[in-house]
>>> print(open('my_file33.cif').read())   # mmCIF, C-alpha atoms and all ligand atoms
data_upload
loop_
_atom_site.label_atom_id
_atom_site.label_comp_id
_atom_site.auth_asym_id
_atom_site.auth_seq_id
_atom_site.Cartn_x
_atom_site.Cartn_y
_atom_site.Cartn_z
CA MET S 21 13.77 21.89 31.37
CA GLU S 22 14.09 21.02 27.70
CA SER S 23 10.83 21.50 25.84
CA THR S 24 9.66 18.76 23.50
CA PRO S 25 7.94 19.76 20.26
CA ALA S 26 4.18 19.54 20.55
CA ALA S 27 2.66 16.54 18.81
CA VAL S 28 1.04 17.48 15.51
CA SER S 29 -2.70 17.21 15.79
CA ALA S 30 -5.11 16.11 13.10
CA PRO S 31 -6.91 19.49 12.70
CA GLU S 32 -3.75 20.92 11.05
CA LEU S 33 -4.54 18.84 8.01
CA THR S 34 -5.94 21.07 5.33
CA LYS S 35 -5.99 18.43 2.62
CA VAL S 36 -6.21 14.70 3.20
CA PRO S 37 -5.26 12.19 0.48
CA THR S 38 -8.05 9.90 -0.66
CA HIS S 39 -5.61 7.08 -1.30
CA ILE S 40 -2.34 6.39 0.52
CA ALA S 41 -0.03 3.61 -0.63
CA ILE S 42 2.82 2.44 1.60
CA ILE S 43 6.01 0.54 0.80
CA MET S 44 6.45 -0.98 4.25
CA ASP S 45 10.22 -1.39 4.17
CA GLY S 46 12.86 -1.88 6.86
CA ASN S 47 11.62 -4.83 8.92
CA GLY S 48 14.89 -6.69 8.41
CA ARG S 49 17.04 -3.74 9.49
CA TRP S 50 14.81 -3.17 12.53
CA ALA S 51 15.41 -6.78 13.59
CA ARG S 52 19.15 -6.65 12.86
CA GLN S 53 19.57 -3.55 15.01
CA ARG S 54 18.17 -5.57 17.91
CA GLY S 55 20.10 -8.78 17.20
CA LEU S 56 16.83 -10.55 16.33
CA PRO S 57 15.97 -12.83 13.40
CA ARG S 58 14.44 -11.12 10.34
CA LEU S 59 11.06 -12.75 11.00
CA ALA S 60 10.88 -10.91 14.34
CA GLY S 61 11.09 -7.72 12.28
CA HIS S 62 8.26 -8.89 10.07
CA ARG S 63 6.16 -9.62 13.15
CA ALA S 64 6.86 -6.16 14.56
CA GLY S 65 5.95 -4.72 11.16
CA THR S 66 2.65 -6.57 11.24
CA GLU S 67 1.84 -5.21 14.70
CA ASN S 68 2.55 -1.76 13.39
CA LEU S 69 0.19 -2.25 10.50
CA ARG S 70 -2.72 -2.56 12.96
CA ARG S 71 -1.83 0.89 14.34
CA ILE S 72 -1.57 2.45 10.91
CA ILE S 73 -4.89 0.97 9.76
CA ARG S 74 -6.55 2.48 12.82
CA ALA S 75 -4.87 5.84 12.24
CA CYS S 76 -6.05 5.86 8.62
CA VAL S 77 -9.61 5.29 9.81
CA GLU S 78 -9.14 8.14 12.31
CA PHE S 79 -7.84 10.53 9.60
CA ASN S 80 -10.61 9.64 7.17
CA ILE S 81 -8.40 8.05 4.55
CA LYS S 82 -10.63 6.15 2.11
CA TYR S 83 -8.07 3.83 0.50
CA LEU S 84 -4.90 2.35 1.95
CA THR S 85 -2.70 0.12 -0.21
CA ILE S 86 0.14 -1.72 1.47
CA TYR S 87 3.04 -3.40 -0.28
CA ALA S 88 3.61 -6.52 1.77
CA PHE S 89 5.13 -9.11 -0.59
CA SER S 90 6.53 -8.40 -4.04
CA THR S 91 6.97 -10.76 -6.97
CA GLU S 92 10.73 -10.28 -6.38
CA ASN S 93 10.49 -11.28 -2.70
CA TRP S 94 10.23 -14.94 -3.81
CA GLY S 95 14.00 -14.61 -4.27
CA ARG S 96 14.53 -14.49 -0.48
CA PRO S 97 15.51 -17.60 1.53
CA GLU S 98 12.72 -20.19 1.72
CA GLU S 99 12.49 -19.86 5.49
CA GLU S 100 11.75 -16.13 5.24
CA VAL S 101 9.22 -16.59 2.42
CA ASN S 102 7.41 -19.35 4.36
CA GLY S 103 7.49 -17.22 7.50
CA LEU S 104 5.91 -14.29 5.67
CA MET S 105 3.17 -16.51 4.25
CA ALA S 106 2.48 -17.88 7.75
CA ILE S 107 2.28 -14.32 9.13
CA LEU S 108 -0.34 -13.35 6.53
CA GLU S 109 -2.41 -16.41 7.46
CA GLU S 110 -2.17 -15.55 11.15
CA VAL S 111 -3.16 -11.96 10.51
CA ILE S 112 -6.28 -13.07 8.65
CA ASP S 113 -7.15 -15.56 11.41
CA LYS S 114 -6.62 -13.09 14.26
CA GLU S 115 -7.64 -9.73 12.85
CA LEU S 116 -10.35 -10.37 10.29
CA ASP S 117 -13.37 -10.21 12.61
CA GLU S 118 -12.26 -6.96 14.20
CA LEU S 119 -11.40 -5.34 10.86
CA HIS S 120 -14.81 -6.40 9.58
CA ARG S 121 -16.54 -4.89 12.63
CA GLU S 122 -14.66 -1.65 12.07
CA GLY S 123 -15.96 -1.44 8.50
CA VAL S 124 -12.69 -2.22 6.71
CA ARG S 125 -13.00 -3.77 3.27
CA LEU S 126 -10.10 -6.05 2.35
CA GLN S 127 -8.97 -6.45 -1.23
CA HIS S 128 -6.03 -8.32 -2.67
CA ILE S 129 -3.89 -7.02 -5.52
CA GLY S 130 -1.41 -9.34 -7.16
CA ARG S 131 -1.59 -12.99 -8.12
CA LEU S 132 -3.00 -15.76 -5.99
CA GLU S 133 -1.23 -18.46 -8.00
CA ARG S 134 1.79 -19.92 -6.23
CA LEU S 135 0.35 -19.29 -2.75
CA ASN S 136 -0.66 -22.37 -0.79
CA PRO S 137 -4.33 -23.40 -1.19
CA THR S 138 -5.23 -22.74 2.47
CA LEU S 139 -3.91 -19.19 2.25
CA VAL S 140 -5.74 -18.64 -1.05
CA GLU S 141 -9.01 -19.76 0.57
CA LYS S 142 -8.44 -17.46 3.55
CA VAL S 143 -7.72 -14.46 1.33
CA LYS S 144 -10.83 -15.14 -0.77
CA TYR S 145 -12.95 -15.55 2.35
CA ALA S 146 -11.68 -12.26 3.82
CA VAL S 147 -12.38 -10.41 0.56
CA GLU S 148 -15.88 -11.89 0.32
CA LEU S 149 -16.78 -11.30 3.99
CA THR S 150 -15.84 -7.63 3.89
CA ARG S 151 -17.02 -6.75 0.38
CA ASP S 152 -19.82 -4.40 1.53
CA ASN S 153 -17.69 -2.42 4.01
CA ASP S 154 -16.68 1.09 3.06
CA ARG S 155 -15.08 2.80 6.06
CA LEU S 156 -11.60 2.06 4.70
CA ILE S 157 -10.67 0.04 1.61
CA LEU S 158 -7.49 -1.85 2.47
CA ASN S 159 -5.67 -3.24 -0.57
CA ILE S 160 -3.03 -5.80 0.29
CA ALA S 161 -0.38 -6.07 -2.40
CA TRP S 162 0.76 -9.66 -1.96
CA ASN S 163 2.68 -11.49 -4.66
CA TYR S 164 2.33 -8.17 -6.46
CA GLY S 165 4.61 -6.67 -9.08
CA GLY S 166 3.84 -3.65 -11.24
CA ARG S 167 5.32 -5.19 -14.37
CA ASP S 168 3.53 -8.46 -13.77
CA GLU S 169 0.29 -6.51 -13.40
CA ILE S 170 0.82 -4.80 -16.77
CA VAL S 171 1.74 -8.11 -18.45
CA CYS S 172 -1.47 -9.68 -17.06
CA ALA S 173 -3.49 -6.72 -18.30
CA ILE S 174 -2.04 -6.95 -21.84
CA ARG S 175 -2.71 -10.69 -21.98
CA LYS S 176 -6.30 -10.20 -20.84
CA MET S 177 -6.89 -7.40 -23.36
CA ILE S 178 -5.65 -9.65 -26.16
CA GLU S 179 -7.83 -12.54 -24.93
CA ASP S 180 -10.82 -10.19 -24.91
CA GLY S 181 -10.13 -9.19 -28.52
CA ILE S 182 -9.61 -5.49 -27.71
CA ARG S 183 -8.77 -3.57 -30.90
CA PRO S 184 -5.71 -1.22 -30.92
CA GLU S 185 -7.85 1.91 -31.27
CA GLU S 186 -9.83 0.91 -28.16
CA VAL S 187 -6.72 0.98 -25.96
CA THR S 188 -6.76 4.13 -23.83
CA ASP S 189 -5.35 5.15 -20.43
CA GLU S 190 -8.72 4.51 -18.94
CA LEU S 191 -9.10 1.05 -20.48
CA VAL S 192 -5.64 -0.02 -19.31
CA SER S 193 -6.53 1.11 -15.77
CA ARG S 194 -9.63 -1.07 -15.89
CA TYR S 195 -7.51 -4.14 -16.74
CA LEU S 196 -5.12 -3.70 -13.82
CA PHE S 197 -5.46 -5.45 -10.44
CA THR S 198 -6.43 -2.02 -9.10
CA ALA S 199 -9.47 -1.62 -11.40
CA GLY S 200 -12.01 0.65 -9.72
CA ILE S 201 -9.49 2.01 -7.19
CA PRO S 202 -8.41 5.64 -7.69
CA ASP S 203 -4.68 6.23 -8.26
CA PRO S 204 -2.70 6.83 -5.06
CA ASP S 205 -2.38 10.48 -4.05
CA LEU S 206 0.49 9.84 -1.66
CA ILE S 207 3.07 7.05 -1.64
CA ILE S 208 5.07 6.62 1.54
CA ARG S 209 8.26 4.58 1.66
CA THR S 210 9.80 3.83 5.02
CA SER S 211 13.47 3.14 5.75
CA GLY S 212 14.97 5.60 3.32
CA GLU S 213 15.31 3.80 0.00
CA MET S 214 14.63 6.12 -2.95
CA ARG S 215 13.14 3.60 -5.33
CA ILE S 216 9.81 2.26 -6.49
CA SER S 217 10.69 -1.47 -6.31
CA ASN S 218 8.05 -2.44 -8.87
CA PHE S 219 5.15 -0.96 -6.88
CA LEU S 220 2.14 0.58 -8.68
CA ILE S 221 4.31 1.69 -11.59
CA TRP S 222 1.32 2.65 -13.74
CA GLN S 223 -0.81 4.14 -10.95
CA ALA S 224 2.02 6.22 -9.44
CA ALA S 225 2.21 8.51 -12.50
CA TYR S 226 1.22 11.61 -10.49
CA ALA S 227 1.46 10.44 -6.89
CA GLU S 228 3.25 12.60 -4.32
CA TRP S 229 6.19 10.81 -2.67
CA TYR S 230 7.19 10.85 0.97
CA VAL S 231 10.31 8.93 1.98
CA THR S 232 11.34 8.69 5.60
CA PRO S 233 14.39 7.04 7.18
CA THR S 234 12.13 5.63 9.91
CA LEU S 235 11.97 1.83 9.72
CA TRP S 236 8.50 0.40 9.15
CA PRO S 237 7.97 -1.11 12.64
CA ASP S 238 8.66 2.37 14.11
CA PHE S 239 6.44 4.28 11.68
CA ASP S 240 3.64 5.13 14.07
CA ARG S 241 0.58 7.43 14.08
CA GLU S 242 2.72 10.53 14.69
CA GLU S 243 4.96 9.66 11.74
CA LEU S 244 1.91 9.16 9.54
CA LEU S 245 0.59 12.51 10.67
CA LYS S 246 3.92 14.15 9.69
CA ALA S 247 3.56 12.65 6.21
CA LEU S 248 -0.01 13.91 6.00
CA VAL S 249 0.96 17.42 7.09
CA ASP S 250 3.73 17.42 4.49
CA TYR S 251 1.25 16.27 1.84
CA SER S 252 -1.27 18.94 2.78
CA ARG S 253 1.37 21.60 1.98
CA ARG S 254 2.15 20.29 -1.48
CA GLU S 255 0.78 21.79 -4.63
CA ARG S 256 -0.15 19.15 -7.16
CA ARG S 257 0.12 20.53 -10.67
CA PHE S 258 -0.35 17.54 -13.01
CA GLY S 259 1.78 19.27 -15.63
CA ARG S 260 -0.19 22.51 -15.50
CA LEU S 261 0.88 25.85 -13.99
CA PRO S 262 0.63 26.77 -10.32
CA THR S 263 -2.85 28.09 -9.50
CA ASP S 264 -1.60 31.68 -8.94
CA GLU S 265 -0.03 31.76 -12.43
CA CYS S 266 -2.70 30.04 -14.38
CA CYS S 267 -4.44 33.13 -15.71
CA SER S 268 -1.50 35.47 -16.27
CA GLU S 269 -0.17 36.43 -19.72
CA VAL S 270 2.23 33.95 -21.35
C1 LIG S 301 9.96 -5.09 4.14
O1 LIG S 301 11.03 -5.22 4.98
C2 LIG S 301 9.05 -6.30 4.16
C3 LIG S 301 9.14 -7.14 2.95
C4 LIG S 301 9.82 -6.85 1.88
C5 LIG S 301 8.42 -8.40 2.98
P1 LIG S 301 12.41 -5.87 4.49
O2 LIG S 301 12.38 -7.32 4.82
O3 LIG S 301 12.67 -5.56 3.06
O4 LIG S 301 13.43 -5.11 5.42
P2 LIG S 301 14.91 -4.64 5.03
O5 LIG S 301 14.81 -3.81 3.79
O6 LIG S 301 15.71 -5.89 4.82
O7 LIG S 301 15.35 -3.85 6.21
C1 LIG S 302 9.77 -3.61 -1.38
O1 LIG S 302 10.77 -3.80 -0.45
C2 LIG S 302 8.75 -4.70 -1.25
C3 LIG S 302 7.92 -4.66 -0.05
C4 LIG S 302 7.97 -3.76 0.89
C5 LIG S 302 6.97 -5.74 0.07
P1 LIG S 302 12.11 -4.61 -0.82
O2 LIG S 302 12.94 -4.61 0.40
O3 LIG S 302 11.76 -5.95 -1.37
O4 LIG S 302 12.72 -3.73 -1.98
P2 LIG S 302 14.22 -3.59 -2.47
O5 LIG S 302 14.74 -4.97 -2.72
O6 LIG S 302 14.99 -2.90 -1.38
O7 LIG S 302 14.14 -2.74 -3.70
MG MG S 303 13.65 -4.06 2.14
#
>>> encode(input="my_file33.cif", output="structure tokens", more="lines below")
Ligand code: IPE
Ligand code: IPE
Ligand code: MG
Amino acid sequence: MESTPAAVSAPELTKVPTHIAIIMDGNGRWARQRGLPRLAGHRAGTENLRRIIRACVEFNIKYLTIYAFSTENWGRPEEEVNGLMAILEEVIDKELDELHREGVRLQHIGRLERLNPTLVEKVKYAVELTRDNDRLILNIAWNYGGRDEIVCAIRKMIEDGIRPEEVTDELVSRYLFTAGIPDPDLIIRTSGEMRISNFLIWQAAYAEWYVTPTLWPDFDREELLKALVDYSRRERRFGRLPTDECCSEV
């Protein structure tokens, strides 16, 4: 009988990232492979998100940021954009109470302008309801773009009369949508594309990357665990030397 590889178990993790960010890509391809409309892929992707949120809680991840709708995604057909907006509303309606009970804090990064008023109210309500939770901080990047975020930050700094000499790395970070959130340690992109697509371009400066060909709706707990095991074997150097070379003669 052919033996199947044993499932990786959580105890193998020697180092767990504090903050994971995910570019949840591949819903459209997942649907196409099954002869389904693209929105069916987005629905399957949303179902998967529930599993991944739970797995993050299980693995003691503190921050999870998910890229769900980019500033560039407005360029898709109106039917798809409206469908995605409707899915977010449904998710808030159906999942909010349970997420709240589980201690998940919801935060939004991106701009609320341009979203319909009902959705804006729902997002604000979800953020307010869960503000004291701290089991997992879930940042939903919706109508988010990294360049847009930096433009907003520069405008706000100018409005606040910040002087040139006051501008530092740390100050810029405080003006971003992600103020108060540590930079991501690990960025996962599903479905194989090797690009950043305007996601966390400032915050990703020293993130570790993990790209998998698996399409987002199929990226389950085991796949997340594989990414975490891979991460736990990486050595992060931040421009310095490996730890075993740090004290030797130059
Ligand atoms: C990611 O899946 C979800 C969003 C961008 C909203 P895609 O819709 O980009 O799926 P592909 O890349 O077409 O397969
Ligand atoms: C990135 O995926 C945006 C989200 C996952 C929300 P896209 O599918 O929009 O990115 P590109 O167009 O392939 O770069
Ligand atoms: Mg895509």
>>> axis_aligned_box(input="my_file33.cif", around="ligand LIG 302 (chain S)", padding_each_side="8 Å", output="lines of an AutoDock Vina configuration file")
center_x = 11.0
center_y = -4.3
center_z = -1.4
size_x = 24.0
size_y = 19.2
size_z = 20.6
>>> residues_near_point(input="my_file33.cif", point="(1.8, 0.6, -0.5)", cutoff="10 Å", atoms="all atoms listed in the file", output="PyMOL selection string")
chain S and resi 39-45+84-88+159-161+204+206-209+219-220
>>> closest_residue(input="my_file33.cif", among="S:Glu122, S:Asp180, S:Glu133, S:Asp168", to="Asp154 in chain S", atoms="only C-alpha atoms")
S:Glu122
>>> closest_atom_pairs(input="my_file33.cif", of="chain S", to="ligand LIG 302 (chain S)", cutoff="12 Å", atoms="all atoms listed in the file", output="tab-separated table")
residue	atom	partner	partner_atom	distance
S:Ala41	CA	S:LIG302	C4	11.0
S:Ile42	CA	S:LIG302	C4	8.1
S:Ile43	CA	S:LIG302	C4	4.7
S:Met44	CA	S:LIG302	C4	4.6
S:Asp45	CA	S:LIG302	C4	4.6
S:Gly46	CA	S:LIG302	O2	7.0
S:Asn47	CA	S:LIG302	O2	8.6
S:Gly48	CA	S:LIG302	O2	8.5
S:Arg49	CA	S:LIG302	O2	10.0
S:Arg58	CA	S:LIG302	O2	12.0
S:His62	CA	S:LIG302	C4	10.5
S:Gly65	CA	S:LIG302	C4	10.5
S:Thr66	CA	S:LIG302	C4	12.0
S:Thr85	CA	S:LIG302	C5	11.3
S:Ile86	CA	S:LIG302	C5	8.0
S:Tyr87	CA	S:LIG302	C5	4.6
S:Ala88	CA	S:LIG302	C5	3.8
S:Phe89	CA	S:LIG302	C5	3.9
S:Ser90	CA	S:LIG302	C5	4.9
S:Thr91	CA	S:LIG302	C2	8.5
S:Glu92	CA	S:LIG302	O3	6.7
S:Asn93	CA	S:LIG302	O3	5.6
S:Trp94	CA	S:LIG302	O3	9.4
S:Gly95	CA	S:LIG302	O3	9.4
S:Arg96	CA	S:LIG302	O3	9.0
S:Val101	CA	S:LIG302	C5	11.3
S:Leu104	CA	S:LIG302	C5	10.3
S:Gly130	CA	S:LIG302	C5	11.6
S:Ile160	CA	S:LIG302	C5	10.0
S:Ala161	CA	S:LIG302	C5	7.8
S:Trp162	CA	S:LIG302	C5	7.6
S:Asn163	CA	S:LIG302	C5	8.6
S:Tyr164	CA	S:LIG302	C5	8.4
S:Gly165	CA	S:LIG302	C2	9.1
S:Gly166	CA	S:LIG302	C2	11.2
S:Ile208	CA	S:LIG302	C4	10.8
S:Arg209	CA	S:LIG302	C4	8.4
S:Thr210	CA	S:LIG302	C4	8.8
S:Ser211	CA	S:LIG302	O2	9.4
S:Gly212	CA	S:LIG302	O6	9.7
S:Glu213	CA	S:LIG302	O6	6.8
S:Met214	CA	S:LIG302	O7	8.9
S:Arg215	CA	S:LIG302	O7	6.6
S:Ile216	CA	S:LIG302	O7	7.2
S:Ser217	CA	S:LIG302	O7	4.5
S:Asn218	CA	S:LIG302	C1	7.8
S:Phe219	CA	S:LIG302	C1	7.7
S:Leu220	CA	S:LIG302	C2	11.3
S:Leu235	CA	S:LIG302	C4	11.2
S:Trp236	CA	S:LIG302	C4	9.3
>>> atom_distance(input="my_file33.cif", atom1="CA of Leu59 in chain S", atom2="CA of Pro233 in chain S")
20.4 Å
>>> closest_residue(input="my_file33.cif", among="S:Arg74, S:Arg260, S:Arg167, S:Lys82", to="Trp222 in chain S", atoms="all atoms listed in the file")
S:Arg167
